[in-house]
file upload.txt (compact mmCIF, N, CA and C atoms)
# COMPACT_ATOMS: atom_id res chain seq x y z
N MET A 97 -2.54 11.66 18.05
CA MET A 97 -1.93 10.42 18.52
C MET A 97 -1.44 9.60 17.33
N ALA A 98 -0.29 9.04 17.49
CA ALA A 98 0.23 8.10 16.49
C ALA A 98 -0.45 6.76 16.72
N PRO A 99 -0.48 5.91 15.70
CA PRO A 99 -1.00 4.56 15.95
C PRO A 99 -0.23 3.94 17.10
N GLY A 100 -0.92 3.20 17.93
CA GLY A 100 -0.27 2.60 19.08
C GLY A 100 -0.43 3.42 20.34
N GLY A 101 -1.08 4.61 20.21
CA GLY A 101 -1.42 5.39 21.37
C GLY A 101 -0.41 6.43 21.82
N ARG A 102 0.77 6.50 21.22
CA ARG A 102 1.76 7.49 21.63
C ARG A 102 1.54 8.79 20.88
N ASP A 103 1.86 9.88 21.53
CA ASP A 103 1.76 11.19 20.91
C ASP A 103 2.78 11.28 19.78
N VAL A 104 2.36 11.79 18.64
CA VAL A 104 3.23 11.90 17.47
C VAL A 104 4.48 12.71 17.80
N ARG A 105 4.33 13.75 18.59
CA ARG A 105 5.50 14.58 18.94
C ARG A 105 6.55 13.77 19.69
N GLU A 106 6.11 12.84 20.53
CA GLU A 106 7.04 11.98 21.25
C GLU A 106 7.80 11.08 20.29
N VAL A 107 7.07 10.50 19.34
CA VAL A 107 7.70 9.61 18.35
C VAL A 107 8.72 10.39 17.53
N ILE A 108 8.37 11.58 17.09
CA ILE A 108 9.27 12.39 16.28
C ILE A 108 10.50 12.82 17.07
N ARG A 109 10.31 13.17 18.34
CA ARG A 109 11.45 13.58 19.19
C ARG A 109 12.48 12.46 19.32
N GLU A 110 12.05 11.21 19.24
CA GLU A 110 12.97 10.08 19.38
C GLU A 110 13.78 9.83 18.10
N GLY A 111 13.45 10.51 17.03
CA GLY A 111 14.12 10.30 15.75
C GLY A 111 15.63 10.29 15.81
N PRO A 112 16.26 11.30 16.44
CA PRO A 112 17.72 11.30 16.49
C PRO A 112 18.30 10.07 17.17
N LEU A 113 17.57 9.50 18.10
CA LEU A 113 18.05 8.31 18.80
C LEU A 113 18.08 7.09 17.88
N TRP A 114 17.19 7.08 16.91
CA TRP A 114 17.05 5.93 16.01
C TRP A 114 17.77 6.11 14.69
N ARG A 115 18.13 7.35 14.35
CA ARG A 115 18.72 7.61 13.02
C ARG A 115 19.94 6.75 12.74
N GLN A 116 20.87 6.69 13.69
CA GLN A 116 22.09 5.92 13.47
C GLN A 116 21.79 4.43 13.28
N LYS A 117 20.85 3.90 14.06
CA LYS A 117 20.47 2.49 13.93
C LYS A 117 19.88 2.21 12.54
N ILE A 118 19.02 3.10 12.09
CA ILE A 118 18.41 2.92 10.76
C ILE A 118 19.47 2.98 9.68
N LEU A 119 20.36 3.96 9.77
CA LEU A 119 21.42 4.08 8.76
C LEU A 119 22.34 2.86 8.76
N GLN A 120 22.62 2.29 9.93
CA GLN A 120 23.42 1.08 10.00
C GLN A 120 22.73 -0.08 9.29
N VAL A 121 21.44 -0.23 9.49
CA VAL A 121 20.68 -1.29 8.83
C VAL A 121 20.76 -1.11 7.32
N LEU A 122 20.62 0.13 6.86
CA LEU A 122 20.61 0.39 5.42
C LEU A 122 21.99 0.31 4.78
N GLN A 123 23.04 0.28 5.57
CA GLN A 123 24.39 0.08 5.02
C GLN A 123 24.53 -1.31 4.40
N ASP A 124 23.72 -2.26 4.88
CA ASP A 124 23.75 -3.62 4.34
C ASP A 124 23.01 -3.74 3.01
N GLY A 125 22.33 -2.68 2.61
CA GLY A 125 21.57 -2.70 1.37
C GLY A 125 20.17 -2.19 1.60
N PRO A 126 19.40 -2.06 0.53
CA PRO A 126 18.04 -1.53 0.64
C PRO A 126 17.13 -2.42 1.49
N HIS A 127 16.24 -1.77 2.24
CA HIS A 127 15.26 -2.47 3.07
C HIS A 127 13.95 -1.69 3.07
N THR A 128 12.85 -2.39 3.28
CA THR A 128 11.56 -1.74 3.46
C THR A 128 11.46 -1.21 4.88
N VAL A 129 10.48 -0.37 5.14
CA VAL A 129 10.25 0.15 6.49
C VAL A 129 9.98 -1.01 7.44
N LYS A 130 9.21 -1.98 6.98
CA LYS A 130 8.90 -3.16 7.79
C LYS A 130 10.17 -3.90 8.19
N GLU A 131 11.08 -4.08 7.26
CA GLU A 131 12.36 -4.76 7.54
C GLU A 131 13.23 -3.94 8.48
N VAL A 132 13.27 -2.63 8.27
CA VAL A 132 14.05 -1.75 9.15
C VAL A 132 13.50 -1.83 10.57
N ALA A 133 12.19 -1.75 10.69
CA ALA A 133 11.56 -1.81 12.01
C ALA A 133 11.92 -3.10 12.74
N GLN A 134 11.87 -4.21 12.03
CA GLN A 134 12.22 -5.49 12.64
C GLN A 134 13.69 -5.50 13.07
N ALA A 135 14.55 -4.94 12.25
CA ALA A 135 15.99 -4.94 12.53
C ALA A 135 16.35 -4.08 13.74
N ILE A 136 15.63 -2.97 13.94
CA ILE A 136 15.96 -2.08 15.06
C ILE A 136 15.09 -2.32 16.28
N GLY A 137 14.09 -3.19 16.13
CA GLY A 137 13.23 -3.52 17.26
C GLY A 137 12.24 -2.44 17.62
N ALA A 138 11.73 -1.75 16.61
CA ALA A 138 10.74 -0.68 16.82
C ALA A 138 9.49 -0.98 16.00
N PRO A 139 8.34 -0.45 16.40
CA PRO A 139 7.12 -0.65 15.61
C PRO A 139 7.24 0.02 14.24
N ALA A 140 6.72 -0.63 13.22
CA ALA A 140 6.78 -0.08 11.86
C ALA A 140 6.03 1.24 11.77
N HIS A 141 4.92 1.37 12.50
CA HIS A 141 4.14 2.61 12.43
C HIS A 141 4.88 3.79 13.05
N GLU A 142 5.90 3.55 13.86
CA GLU A 142 6.74 4.63 14.34
C GLU A 142 7.99 4.79 13.48
N THR A 143 8.53 3.69 13.01
CA THR A 143 9.72 3.71 12.15
C THR A 143 9.48 4.54 10.90
N ILE A 144 8.26 4.53 10.38
CA ILE A 144 7.96 5.29 9.16
C ILE A 144 8.23 6.78 9.37
N TYR A 145 7.96 7.31 10.54
CA TYR A 145 8.26 8.73 10.80
C TYR A 145 9.75 9.00 10.67
N TRP A 146 10.55 8.13 11.26
CA TRP A 146 12.00 8.33 11.26
C TRP A 146 12.58 8.14 9.86
N VAL A 147 12.08 7.15 9.13
CA VAL A 147 12.54 6.90 7.76
C VAL A 147 12.19 8.10 6.86
N MET A 148 10.97 8.62 6.99
CA MET A 148 10.58 9.77 6.17
C MET A 148 11.40 11.01 6.51
N ASP A 149 11.77 11.16 7.77
CA ASP A 149 12.63 12.27 8.17
C ASP A 149 14.00 12.14 7.52
N LEU A 150 14.58 10.95 7.55
CA LEU A 150 15.88 10.72 6.92
C LEU A 150 15.81 10.96 5.42
N ARG A 151 14.70 10.56 4.81
CA ARG A 151 14.52 10.78 3.37
C ARG A 151 14.40 12.27 3.08
N LYS A 152 13.61 12.96 3.87
CA LYS A 152 13.39 14.39 3.68
C LYS A 152 14.70 15.18 3.69
N TYR A 153 15.61 14.79 4.56
CA TYR A 153 16.87 15.53 4.71
C TYR A 153 18.04 14.92 3.94
N GLY A 154 17.75 13.99 3.02
CA GLY A 154 18.76 13.50 2.11
C GLY A 154 19.71 12.45 2.64
N TRP A 155 19.35 11.78 3.72
CA TRP A 155 20.20 10.72 4.26
C TRP A 155 19.93 9.39 3.58
N ILE A 156 18.70 9.19 3.12
CA ILE A 156 18.33 7.95 2.43
C ILE A 156 17.47 8.28 1.22
N ALA A 157 17.35 7.32 0.32
CA ALA A 157 16.53 7.50 -0.88
C ALA A 157 15.60 6.30 -1.05
N GLU A 158 14.44 6.58 -1.59
CA GLU A 158 13.46 5.53 -1.89
C GLU A 158 13.77 4.96 -3.26
N LEU A 159 13.79 3.64 -3.36
CA LEU A 159 13.99 3.00 -4.66
C LEU A 159 12.71 3.13 -5.47
N PRO A 160 12.81 3.18 -6.79
CA PRO A 160 11.64 3.49 -7.62
C PRO A 160 10.56 2.41 -7.70
N ASP A 161 10.90 1.15 -7.50
CA ASP A 161 9.92 0.10 -7.69
C ASP A 161 9.60 -0.62 -6.38
N PRO A 162 8.30 -0.81 -6.10
CA PRO A 162 7.92 -1.54 -4.87
C PRO A 162 8.19 -3.03 -5.01
N ASP A 163 8.22 -3.73 -3.86
CA ASP A 163 8.39 -5.18 -3.88
C ASP A 163 7.05 -5.85 -4.19
N ASP A 164 6.98 -7.16 -4.08
CA ASP A 164 5.77 -7.91 -4.41
C ASP A 164 4.59 -7.55 -3.50
N GLU A 165 4.87 -7.05 -2.30
CA GLU A 165 3.82 -6.64 -1.37
C GLU A 165 3.41 -5.18 -1.58
N GLY A 166 4.08 -4.49 -2.52
CA GLY A 166 3.78 -3.09 -2.77
C GLY A 166 4.54 -2.14 -1.86
N LEU A 167 5.53 -2.66 -1.14
CA LEU A 167 6.32 -1.84 -0.22
C LEU A 167 7.58 -1.33 -0.90
N PHE A 168 7.89 -0.08 -0.68
CA PHE A 168 9.09 0.51 -1.25
C PHE A 168 10.28 0.26 -0.33
N SER A 169 11.44 0.12 -0.93
CA SER A 169 12.68 -0.05 -0.17
C SER A 169 13.44 1.27 -0.15
N TYR A 170 14.27 1.41 0.86
CA TYR A 170 15.07 2.62 1.04
C TYR A 170 16.53 2.22 1.16
N GLN A 171 17.40 3.10 0.69
CA GLN A 171 18.83 2.84 0.76
C GLN A 171 19.54 4.08 1.28
N ALA A 172 20.65 3.86 1.96
CA ALA A 172 21.45 4.97 2.48
C ALA A 172 22.13 5.68 1.32
N ILE A 173 22.29 6.97 1.46
CA ILE A 173 22.98 7.78 0.46
C ILE A 173 24.34 8.16 1.04
N GLU A 174 25.36 7.95 0.24
CA GLU A 174 26.71 8.34 0.69
C GLU A 174 26.78 9.86 0.71
N ARG A 175 27.20 10.39 1.85
CA ARG A 175 27.29 11.85 2.00
C ARG A 175 28.71 12.23 2.36
N LYS A 176 29.18 13.30 1.77
CA LYS A 176 30.53 13.78 2.07
C LYS A 176 30.57 14.29 3.50
N GLY A 177 31.62 13.92 4.21
CA GLY A 177 31.80 14.38 5.56
C GLY A 177 30.98 13.64 6.60
N SER A 178 30.33 12.56 6.20
CA SER A 178 29.49 11.81 7.15
C SER A 178 30.17 10.56 7.59
call {"tool": "encode", "arguments": {"input": "upload.txt", "output": "structure tokens"}}
result
Amino acid sequence: MAPGGRDVREVIREGPLWRQKILQVLQDGPHTVKEVAQAIGAPAHETIYWVMDLRKYGWIAELPDPDDEGLFSYQAIERKGS
């Protein structure tokens, strides 16, 4: 179970539905997972799955330095043909 009581597989299956929304948020500049979650209206504990998936497949990149709260920001990566 994912935090919040939902099955992790359910959260992961929803990833494609949220990918475009997350990428749109990151077009405005780097954001933390917490900020992305607030912008798309999803729980941060679920948004982290989708953000890590986008990072894994090269859609976004993690910035090297955390903010004052220790949270890392992510930015969209320009991809050819996207």
call {"tool": "atom_distance", "arguments": {"input": "upload.txt", "atom1": "CA of Ile108 (chain A)", "atom2": "CA of Trp146 (chain A)"}}
result
7.0 Å
call {"tool": "residues_around", "arguments": {"input": "upload.txt", "residues": "Gln120 (chain A)", "least_positions_apart": "5", "cutoff": "12 Å", "atoms": "only C-alpha atoms", "output": "list of chain:residue names"}}
result
A:Trp114, A:Arg115, A:Gly125, A:Pro126, A:His127, A:Val132, A:Ala135, A:Ile136, A:Trp155, A:Ile156, A:Gln171, A:Ala172, A:Ile173
call {"tool": "write_last_selection", "arguments": {"input": "upload.txt", "atoms": "N, CA and C atoms", "output": "mmCIF file, in the frame of the given file"}}
result
data_model
loop_
_atom_site.group_PDB
_atom_site.id
_atom_site.type_symbol
_atom_site.label_atom_id
_atom_site.label_comp_id
_atom_site.auth_asym_id
_atom_site.auth_seq_id
_atom_site.Cartn_x
_atom_site.Cartn_y
_atom_site.Cartn_z
ATOM 1 N N TRP A 114 17.190 7.080 16.910
ATOM 2 C CA TRP A 114 17.050 5.930 16.010
ATOM 3 C C TRP A 114 17.770 6.110 14.690
ATOM 4 N N ARG A 115 18.130 7.350 14.350
ATOM 5 C CA ARG A 115 18.720 7.610 13.020
ATOM 6 C C ARG A 115 19.940 6.750 12.740
ATOM 7 N N GLY A 125 22.330 -2.680 2.610
ATOM 8 C CA GLY A 125 21.570 -2.700 1.370
ATOM 9 C C GLY A 125 20.170 -2.190 1.600
ATOM 10 N N PRO A 126 19.400 -2.060 0.530
ATOM 11 C CA PRO A 126 18.040 -1.530 0.640
ATOM 12 C C PRO A 126 17.130 -2.420 1.490
ATOM 13 N N HIS A 127 16.240 -1.770 2.240
ATOM 14 C CA HIS A 127 15.260 -2.470 3.070
ATOM 15 C C HIS A 127 13.950 -1.690 3.070
ATOM 16 N N VAL A 132 13.270 -2.630 8.270
ATOM 17 C CA VAL A 132 14.050 -1.750 9.150
ATOM 18 C C VAL A 132 13.500 -1.830 10.570
ATOM 19 N N ALA A 135 14.550 -4.940 12.250
ATOM 20 C CA ALA A 135 15.990 -4.940 12.530
ATOM 21 C C ALA A 135 16.350 -4.080 13.740
ATOM 22 N N ILE A 136 15.630 -2.970 13.940
ATOM 23 C CA ILE A 136 15.960 -2.080 15.060
ATOM 24 C C ILE A 136 15.090 -2.320 16.280
ATOM 25 N N TRP A 155 19.350 11.780 3.720
ATOM 26 C CA TRP A 155 20.200 10.720 4.260
ATOM 27 C C TRP A 155 19.930 9.390 3.580
ATOM 28 N N ILE A 156 18.700 9.190 3.120
ATOM 29 C CA ILE A 156 18.330 7.950 2.430
ATOM 30 C C ILE A 156 17.470 8.280 1.220
ATOM 31 N N GLN A 171 17.400 3.100 0.690
ATOM 32 C CA GLN A 171 18.830 2.840 0.760
ATOM 33 C C GLN A 171 19.540 4.080 1.280
ATOM 34 N N ALA A 172 20.650 3.860 1.960
ATOM 35 C CA ALA A 172 21.450 4.970 2.480
ATOM 36 C C ALA A 172 22.130 5.680 1.320
ATOM 37 N N ILE A 173 22.290 6.970 1.460
ATOM 38 C CA ILE A 173 22.980 7.780 0.460
ATOM 39 C C ILE A 173 24.340 8.160 1.040
#
call {"tool": "atom_distance", "arguments": {"input": "upload.txt", "atom1": "CA of Tyr170 (chain A)", "atom2": "atom C of Glu158 (chain A)"}}
result
5.1 Å
call {"tool": "closest_residue", "arguments": {"input": "upload.txt", "among": "A:Tyr145, A:Leu122, A:Lys176, A:Lys130", "to": "Ala157 (chain A)", "atoms": "only C-alpha atoms"}}
result
A:Leu122
call {"tool": "atom_distance", "arguments": {"input": "upload.txt", "atom1": "CA of His141 (chain A)", "atom2": "CA of Arg175 (chain A)"}}
result
27.0 Å
call {"tool": "closest_residue", "arguments": {"input": "upload.txt", "among": "A:Val104, A:Ala140, A:Leu167, A:Ala133", "to": "Ile118 (chain A)", "atoms": "only N, CA and C atoms"}}
result
A:Ala133
call {"tool": "axis_aligned_box", "arguments": {"input": "upload.txt", "around": "region 158-168 of chain A", "padding_each_side": "3 Å", "output": "JSON"}}
result
{"center_x": 8.9, "center_y": -0.7, "center_z": -4.0, "size_x": 17.0, "size_y": 20.5, "size_z": 13.5}
